[in-house]
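All remarks here apply to the structure that follows.
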Amino acid sequence: MLRSCLRHCPRATVRSVSCPRCLHHEPPRIHLARQQTSLSPSFLQIRGLQTSTTGPEEHVPLRKQLKQGAKALKAQKRERREQEEASRQKWELTVGVEIHAQLNTETKLFSRAPTLPSGLPNTNVALFDLAFPGSQPEFQAATLLPALRAAIALNCDIQPVSRFDRKHYFYHDQPAGYQITQYYEPFARNGYLDLFTHDGIAPEDGDRVRIGIKQIQLEQDTAKSQEYPPSTQLLDFNRVSHPLIEIITMPQIHNPATAAAFVRKVQAILQSCNAVTTGMEAGGLRADVNVSVRLRGDGSGAHQYGGIGGLGQRTEIKNLSSFKAVEDAIIAEKNRQITVLESGGVIEGETRGWTIGSTETRRLRGKEGEVDYRYMPDPDIPPLLIGEDLVSALSDNLPTGPDALIDMLVGQYGLPIEDAKPLIELDDGARLEYYQDVVDILRDLQQDLDAEAQTSLGRVAGNWVLHELGGLLTKADVAWDAEIVTAESLAALIDQLQRKRITGATAKKVLAMLFEGERRPILQLLEEENLILRPLSREEYIALAEAAIELNPKMVEQIRSKNQLGKLGWFVGQMMRMGEKGRVEAQKADSILRELILGSSQ
Amino acid sequence: MSLLLEAERYAANQSSHIALNAFISPLPRQSGQWHKQAKDADLRAKQGNPKSKLDGRLIAFKDNICTRDFPTTCASRTLETFTSPFDATVVQQVEDAGAIVAGKTNLDEFGMGSHSVNSHFGHVRNRRHLSAGGSSGGSAVAVATEQCYASLGTDTGGSIRLPAAYTGTVGFKPSYGLLSRWGVVAYANSLDTVGILAKRTSVARDVFDVLNKHDPRDPTSLSPLSRSRVLSKLSAPHLSSRLKSLPLRIGVPLEYNISELSPSVRQAWYRSLERLSQQGHTVEPVSLPMTNHALSAYYILAPAEASSNLAKYDGVRYGTQFTNKLYAKTRGAGFGPEVKRRIMLGAFSLSAQAMDNYFVQAQRIRRLVQRDFDAAFRAAHPLAAEPPYSQTGVDVLICPTAPSPPPSINLTINGAGPLDAYINDVFTVPASLAGLPAVSVPVYGDDAAGNQGSAGVAGIQVIGQYGDDELVLKVSELLEGCGL
C-alpha cells in the first residue's frame, strides 16, 4: 500500500511527521535492533544462554564471548572501511541536494489565511487555498522576506524579476491539481555555501569545500492527509499553500558525510536568519538527493546536471527526514549503483525511497512512470519584482551567520572550536547571547587585571556557561532559561574565582546554590557563607600533606620508584578532604606534595 | 412603465420562452426577492433618488459567474449541484447599483464552444432553429427575447461577440483587466474577459460604467495607477478631440476580407463603412498580417490554460463525485466531450516534448498579433513607454464579427466537426489575444433571398486600442440600426 501511495505522489514536498506517508518512514525500533544483531552473531548466542537453549558454544565464558563479539565487530568495521576506501579510489560519487523548508510567515503564500498550526483541521483556509471556482491568488508580499533572508544568507544573486509557474499533477492533497512554484524563473540563483572541517565534512574533502547553489524558488506546500485503512483518507487543508522554499544545489558533493553536513548547515543558517520555524526533526525541512557514480577520471558519462557534464546516470531519493538518513541513503545508493555497474549492469534513471534504519534504497518508480509536470507560467500571478533597496536593507540587517560567529568566537573570544559550535547551536542562540552578556560584564569587572587574565576571560567564561552551568541543566533536566543564574551573578562568581578569592570547588558549589534559587548577591553570599578563601600557610600545607602521606606510604613508594605521578592526585584529594573546606587550593597542595615526595620544589 | 412591471414582464418572458433554454437557473416563478427589490427601486425612482442607471433592472449572469443565491454550474455535470459560497465582484457591483440578478444563463460547458450546444443542461435555441452562438448564447438569447434588461457574459475568444452577432444584440468585450474576474470561473485566465450583452449600446455602457473599477481581489485587475495612466494618455489632444472636432480614421483590415465571407455579412460590412464615411470619417485599408495565425495560437493557448484551470474539478472538496474512484473516472464522468477535447489538447501542448513547438510558439504569435494592432492604431498602447499617438494609423477597426450568419443548430450538433466551430472565432480571436476592447453591433444586410431587414442581420465588430473602450462604444452607437 505504501508503494502505491508513493507512486501516486510524484513530487512529495515537505511532509510533516504526522503525515501518514511519512509515518511509514518512521523508524520501527525493531528494525534497528535487528540490524545490530545481524552485525554481531554472538549477541544471538548470549540470548541463547539466557533462554537456556543449549548450543555447542554455550560453555564459552560470557566475558570472552563479549570480547570476541566486539573484536569481530571491529574487524567487520575495518573491513568495510577498507572496502569503502577501495571503492572510493575507483568510483567517484556525485550528489546534488534539494531541500524544502517551510518559511516562517504569518500568512499563506497566496491568501491571507494564517499559517498558525491550528488544532482544528480545515479552519485556516481561504477560498483560493481550496481551489474554489472563481477564486484567485493574492500574493502575500511579506512571505517574501524570510525567503529573501535565506537566499541572501546562502549567498545567492537575487533576481530582479522572477515568475510563478504551475506544476501539474493529480493528488488529493493538492487541491488545484497543480502546485504553484518558480520553475522557469526562480527568485534566487548562483549561491554557495562553504563547509569546513568543524561542519563535519568528510576528511577527503580537506579543510573546506564550497557547494554551489543553483537556485532557490518559492512554492506552496500541500495539504496533510491522514489515512484510515482500508478506505478512508481525511484531508486537512490548514497546511495547504504554506510558503516553502526549495533550495537546489549543483551536483558538487562527492562524499556522503559532506552531503549530511550541507543539509545540517543549511538548517542552521535558515534558523539563524529566522527564515524557518522548525527543523528536520519537526518536519519543517525535507531533503531529496540525486546520486550518480562514475569511474574516477572518466569524464565520458553522457549525463549533465546543472551544467556539469560527463556524469553517470543519476537516481533520485525522495523525502529524507534526518541528517543521518541523508548520509545513510547516499551510501546505500552509491553502493547499489557500484554493484550494478560492476556486474555489468546499467543504472536506470528512477526515483527511489529510503526507510530509516534500512540498508538499501528501494525503487519507487522508473522513468516510464515519470510524471510530466506540464509546467506553465501562472496567468493570474504577476511577475515578482524585487528592488535592489529591499535586498540591501535585508542584507544589512541579517544576523551574523554561523561561520562568522565561529570566526568571532574563536578569534576574538579565544574559544576552542569545539566550544564555539555548541554555543552557537544551543537554545536557538539564547546561550550565545547569555555568554556574551557574561563576557561583557566580566570585562567590566576585570579592567584592572593584567593582559593575560583579560585574554583568558572568554575561554574561562565559555567553560562555565557551557560545561558547568550546562552540566547542572542536563543533570536537572531543565530547559534553558537565562534567568536561572543571571549573567551578572555568573560573571561576579567567575571574577572572584579569577582573582583567586575563592577556589574552583567553592565556585562550583556556589553555582549549584545559585542554580537552586539562591538570590543573595555573590559578594554578600560568599561573605555570609564564609566561603572566601583564607589562604593556608606553608606550614599548614605541609602538615596536611604529611598527614595525607601517612595514610598510604606504599603509594608514595610507588610514586618515587616508578615515577607514577598520576597517583599524586589521590593525595591532593585527601588533602582537600582533610583540610578546612574551601581553603585548600589544589595547585598549591600539588606543589607541596611534589616537594615532599619527590624532593623537587616545582 | 414602472420597474416592477418591467421586471414582471421579463419574468413572464422567461416562462414563455422556456423552450429556448436560455437559463439554467431562471428567476423563481412566484415572486421572490426580486419583487421587493423592484418595488424598492420604483420608490427610489419616484423620490428622484435612484441608486444608478441600473437601479431596479433585471440583469442575467452567465452561469460561470459565481452567485450565492443561484447555483453556478458552468453548464457542467461536474458542478451540476454546486452553489458558490460567495458572489463574484461583478455580481456584487451590479447589486450595489440596485440591479436585480435575473437568473443564470446557459452556456457551452466552462465557456468552451461557439454555439452554446455543449451544455449539460441542453443546448440554447435561437430564433428559427439557428445557432445562438457561444459560449454566452444563453445571455444573448435572454437579451434578444427580452427575458432580462441586460446580461453579463464572458468572452475568451469571442464568446460574447459571436452570440451577439447571431442574435442581433450588442455584445461588448472591454479591454482585458478593466472588469473584475474575481468569482468568474476561469477557462483561460489570460484571455477571459467579463463583458456585457444588451439591446442597445447605451445600456451596455451603463452596465460597463458600474463595473469598470479596480478590484484588489483580482490580481489581473488593472491598478488605479495604470487606470489613471491610460486616462492621461487618452486625454492627449489628438486623441481627446476624436469624434468631437476631429473625424475618425476608420481601418478596414484587409486580411478579414476572406473568400469564405458570406454575401450578407460582406454587405453589412460595406454598409457600415459607407455610413461612417457619409458621416465624414475617413476609411482606409489596414494590414494585420498575423491574423491568419491568430486562430491557431488561440487554440493552443486557451486549451493549455483550460487544462490547467480545470484540474481542480476532482470532486474532492466540492462538485460531484460519480464513483469512489478519484480523477480519471470522476473527471471522465463529469466533463462533456468538448471540454475533454480541450483538456487533452492543452495537456499535450504543455507536455515536455511539445511545449517549445506549441505553447511557446503560440505565445510568440500572440505578441506579434499585439504588434500588428499597435502598428495599425494611431493611439499607442497606453501601457507601453511610447508617445501617446502617431501621425499615422487609425482610431478603430471595423470588420465582421463572424464570417457567416448563424448556421442551423442541427448542423452544429450533428454535422460539423469541432474544427468548423473553431473557424467561427477567426475574427474575434485577434482582439482577445491582444486584450483589446471590441463590440459587436447588429447591422443589417440583405438575407439570402435578397430581402432587406432583420433576417439578414450580421454582427459588425468595432475594435479599438487598449483602453479606448469609450470610443469603441461611441462608434458602436454610430452603427446601431445601420441598414434598416
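How things are named: the first chain in the C-alpha cells is A, the next is B, and so on; residues count from 1 in each chain; ligands count from 1 in the order shown.
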
Excluding A:Glu516 and its own-chain neighbours fewer than 3 positions away, which residues fall within 10 Å of it when counting only C-alpha atoms? Please give them as a PDB file with C-alpha atoms, in the first residue's frame.
ATOM      1  CA  LEU A 472      23.645  21.443  36.015  1.00  0.00           C
ATOM      2  CA  ILE A 484      18.016  30.680  36.411  1.00  0.00           C
ATOM      3  CA  VAL A 485      21.507  32.007  37.001  1.00  0.00           C
ATOM      4  CA  VAL A 510      28.148  28.485  44.724  1.00  0.00           C
ATOM      5  CA  LEU A 511      26.969  27.959  41.162  1.00  0.00           C
ATOM      6  CA  ALA A 512      24.953  24.987  42.335  1.00  0.00           C
ATOM      7  CA  MET A 513      23.435  27.182  45.061  1.00  0.00           C
ATOM      8  CA  ARG A 519      19.374  35.067  45.255  1.00  0.00           C
TER       9      ARG A 519
END

Show me, as number ranges by chain, the residues of chain B whose atoms get within 9 Å of chain A, using only C-alpha atoms for the distance check.
B: 64-66, 84-85, 88, 181-186, 188-190, 216-220, 304-305, 308-314, 316-318, 326-327, 347-352, 355, 359

Show me a table, sorted first by chain and then by increasing residue number, of the residues of stretch 87-126 of chain A having an atom at most 12 Å from stretch 304-325 of chain A, each with its shortest atom pair and the distance in Å to one decimal, counting only C-alpha atoms and written as a Markdown table.
| residue | atom | partner | partner_atom | distance |
| --- | --- | --- | --- | --- |
| A:Trp91 | CA | A:Gly312 | CA | 10.8 |
| A:Glu92 | CA | A:Leu311 | CA | 9.7 |
| A:Leu93 | CA | A:Gly312 | CA | 9.3 |
| A:Thr94 | CA | A:Leu311 | CA | 7.9 |
| A:Val95 | CA | A:Arg314 | CA | 8.7 |
| A:Gly96 | CA | A:Tyr305 | CA | 8.9 |
| A:Val97 | CA | A:Glu316 | CA | 9.5 |
| A:Glu98 | CA | A:Lys318 | CA | 9.3 |
| A:Ile99 | CA | A:Asn319 | CA | 9.3 |
| A:His100 | CA | A:Asn319 | CA | 9.4 |
| A:Ala101 | CA | A:Ser321 | CA | 11.4 |

Which polymer residues have any atom within 12 Å of an atom of B:Gln461, counting only C-alpha atoms, with same-chain residues fewer than 6 positions away left out, as a PDB file with C-alpha atoms, in the first residue's frame?
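To be explicit, this is the file written out as around.pdb:
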ATOM      1  CA  GLY B 158     -15.337  35.778 -28.954  1.00  0.00           C
ATOM      2  CA  ILE B 160     -19.834  37.461 -26.199  1.00  0.00           C
ATOM      3  CA  ARG B 161     -19.385  38.944 -29.643  1.00  0.00           C
ATOM      4  CA  LEU B 162     -20.309  35.829 -31.624  1.00  0.00           C
ATOM      5  CA  ALA B 164     -24.367  38.971 -30.109  1.00  0.00           C
ATOM      6  CA  ALA B 165     -23.814  38.733 -33.864  1.00  0.00           C
ATOM      7  CA  THR B 169     -27.781  42.129 -29.939  1.00  0.00           C
ATOM      8  CA  VAL B 170     -24.945  44.380 -28.853  1.00  0.00           C
ATOM      9  CA  GLY B 171     -22.078  42.450 -27.272  1.00  0.00           C
ATOM     10  CA  PHE B 172     -19.243  44.331 -25.660  1.00  0.00           C
ATOM     11  CA  LYS B 173     -15.924  42.855 -24.553  1.00  0.00           C
ATOM     12  CA  GLY B 251      -9.387  51.000 -40.518  1.00  0.00           C
ATOM     13  CA  VAL B 252     -10.535  48.128 -42.713  1.00  0.00           C
ATOM     14  CA  PRO B 253      -8.323  45.096 -42.060  1.00  0.00           C
ATOM     15  CA  TYR B 256     -10.549  39.896 -42.818  1.00  0.00           C
ATOM     16  CA  VAL B 265     -22.042  39.665 -43.980  1.00  0.00           C
ATOM     17  CA  ALA B 268     -23.381  44.564 -43.785  1.00  0.00           C
ATOM     18  CA  TRP B 269     -19.686  45.378 -43.509  1.00  0.00           C
ATOM     19  CA  SER B 272     -21.233  50.110 -42.094  1.00  0.00           C
ATOM     20  CA  LEU B 273     -18.226  51.629 -43.836  1.00  0.00           C
ATOM     21  CA  VAL B 396     -10.855  51.951 -34.718  1.00  0.00           C
ATOM     22  CA  LEU B 397     -11.031  48.871 -36.890  1.00  0.00           C
ATOM     23  CA  ILE B 398     -14.328  47.821 -38.455  1.00  0.00           C
ATOM     24  CA  CYS B 399     -14.780  44.211 -39.522  1.00  0.00           C
ATOM     25  CA  PRO B 400     -17.363  41.436 -39.354  1.00  0.00           C
ATOM     26  CA  THR B 401     -17.790  39.564 -36.073  1.00  0.00           C
ATOM     27  CA  ALA B 402     -18.287  36.218 -37.821  1.00  0.00           C
ATOM     28  CA  PRO B 403     -17.749  35.166 -41.422  1.00  0.00           C
ATOM     29  CA  PHE B 427     -12.434  37.380 -36.484  1.00  0.00           C
ATOM     30  CA  THR B 428     -12.942  37.621 -32.745  1.00  0.00           C
ATOM     31  CA  VAL B 429      -9.812  35.889 -31.515  1.00  0.00           C
ATOM     32  CA  PRO B 430      -7.236  38.528 -32.519  1.00  0.00           C
ATOM     33  CA  ALA B 431      -8.760  41.206 -30.232  1.00  0.00           C
ATOM     34  CA  LEU B 436      -8.408  44.974 -26.870  1.00  0.00           C
ATOM     35  CA  PRO B 437     -11.902  46.402 -26.432  1.00  0.00           C
ATOM     36  CA  ALA B 438     -14.287  45.131 -29.085  1.00  0.00           C
ATOM     37  CA  VAL B 439     -18.008  45.371 -29.580  1.00  0.00           C
ATOM     38  CA  SER B 440     -20.285  43.504 -31.936  1.00  0.00           C
ATOM     39  CA  VAL B 441     -23.175  45.629 -33.119  1.00  0.00           C
ATOM     40  CA  PRO B 442     -26.076  44.393 -35.303  1.00  0.00           C
ATOM     41  CA  VAL B 443     -26.014  45.764 -38.848  1.00  0.00           C
ATOM     42  CA  VAL B 472     -15.437  51.756 -29.337  1.00  0.00           C
ATOM     43  CA  LEU B 473     -18.836  52.198 -27.711  1.00  0.00           C
ATOM     44  CA  VAL B 475     -18.634  54.033 -32.866  1.00  0.00           C
ATOM     45  CA  SER B 476     -20.967  51.173 -31.987  1.00  0.00           C
ATOM     46  CA  GLU B 477     -23.684  53.747 -31.407  1.00  0.00           C
ATOM     47  CA  LEU B 479     -23.552  51.970 -36.435  1.00  0.00           C
ATOM     48  CA  GLU B 480     -26.630  50.967 -34.451  1.00  0.00           C
TER      49      GLU B 480
END
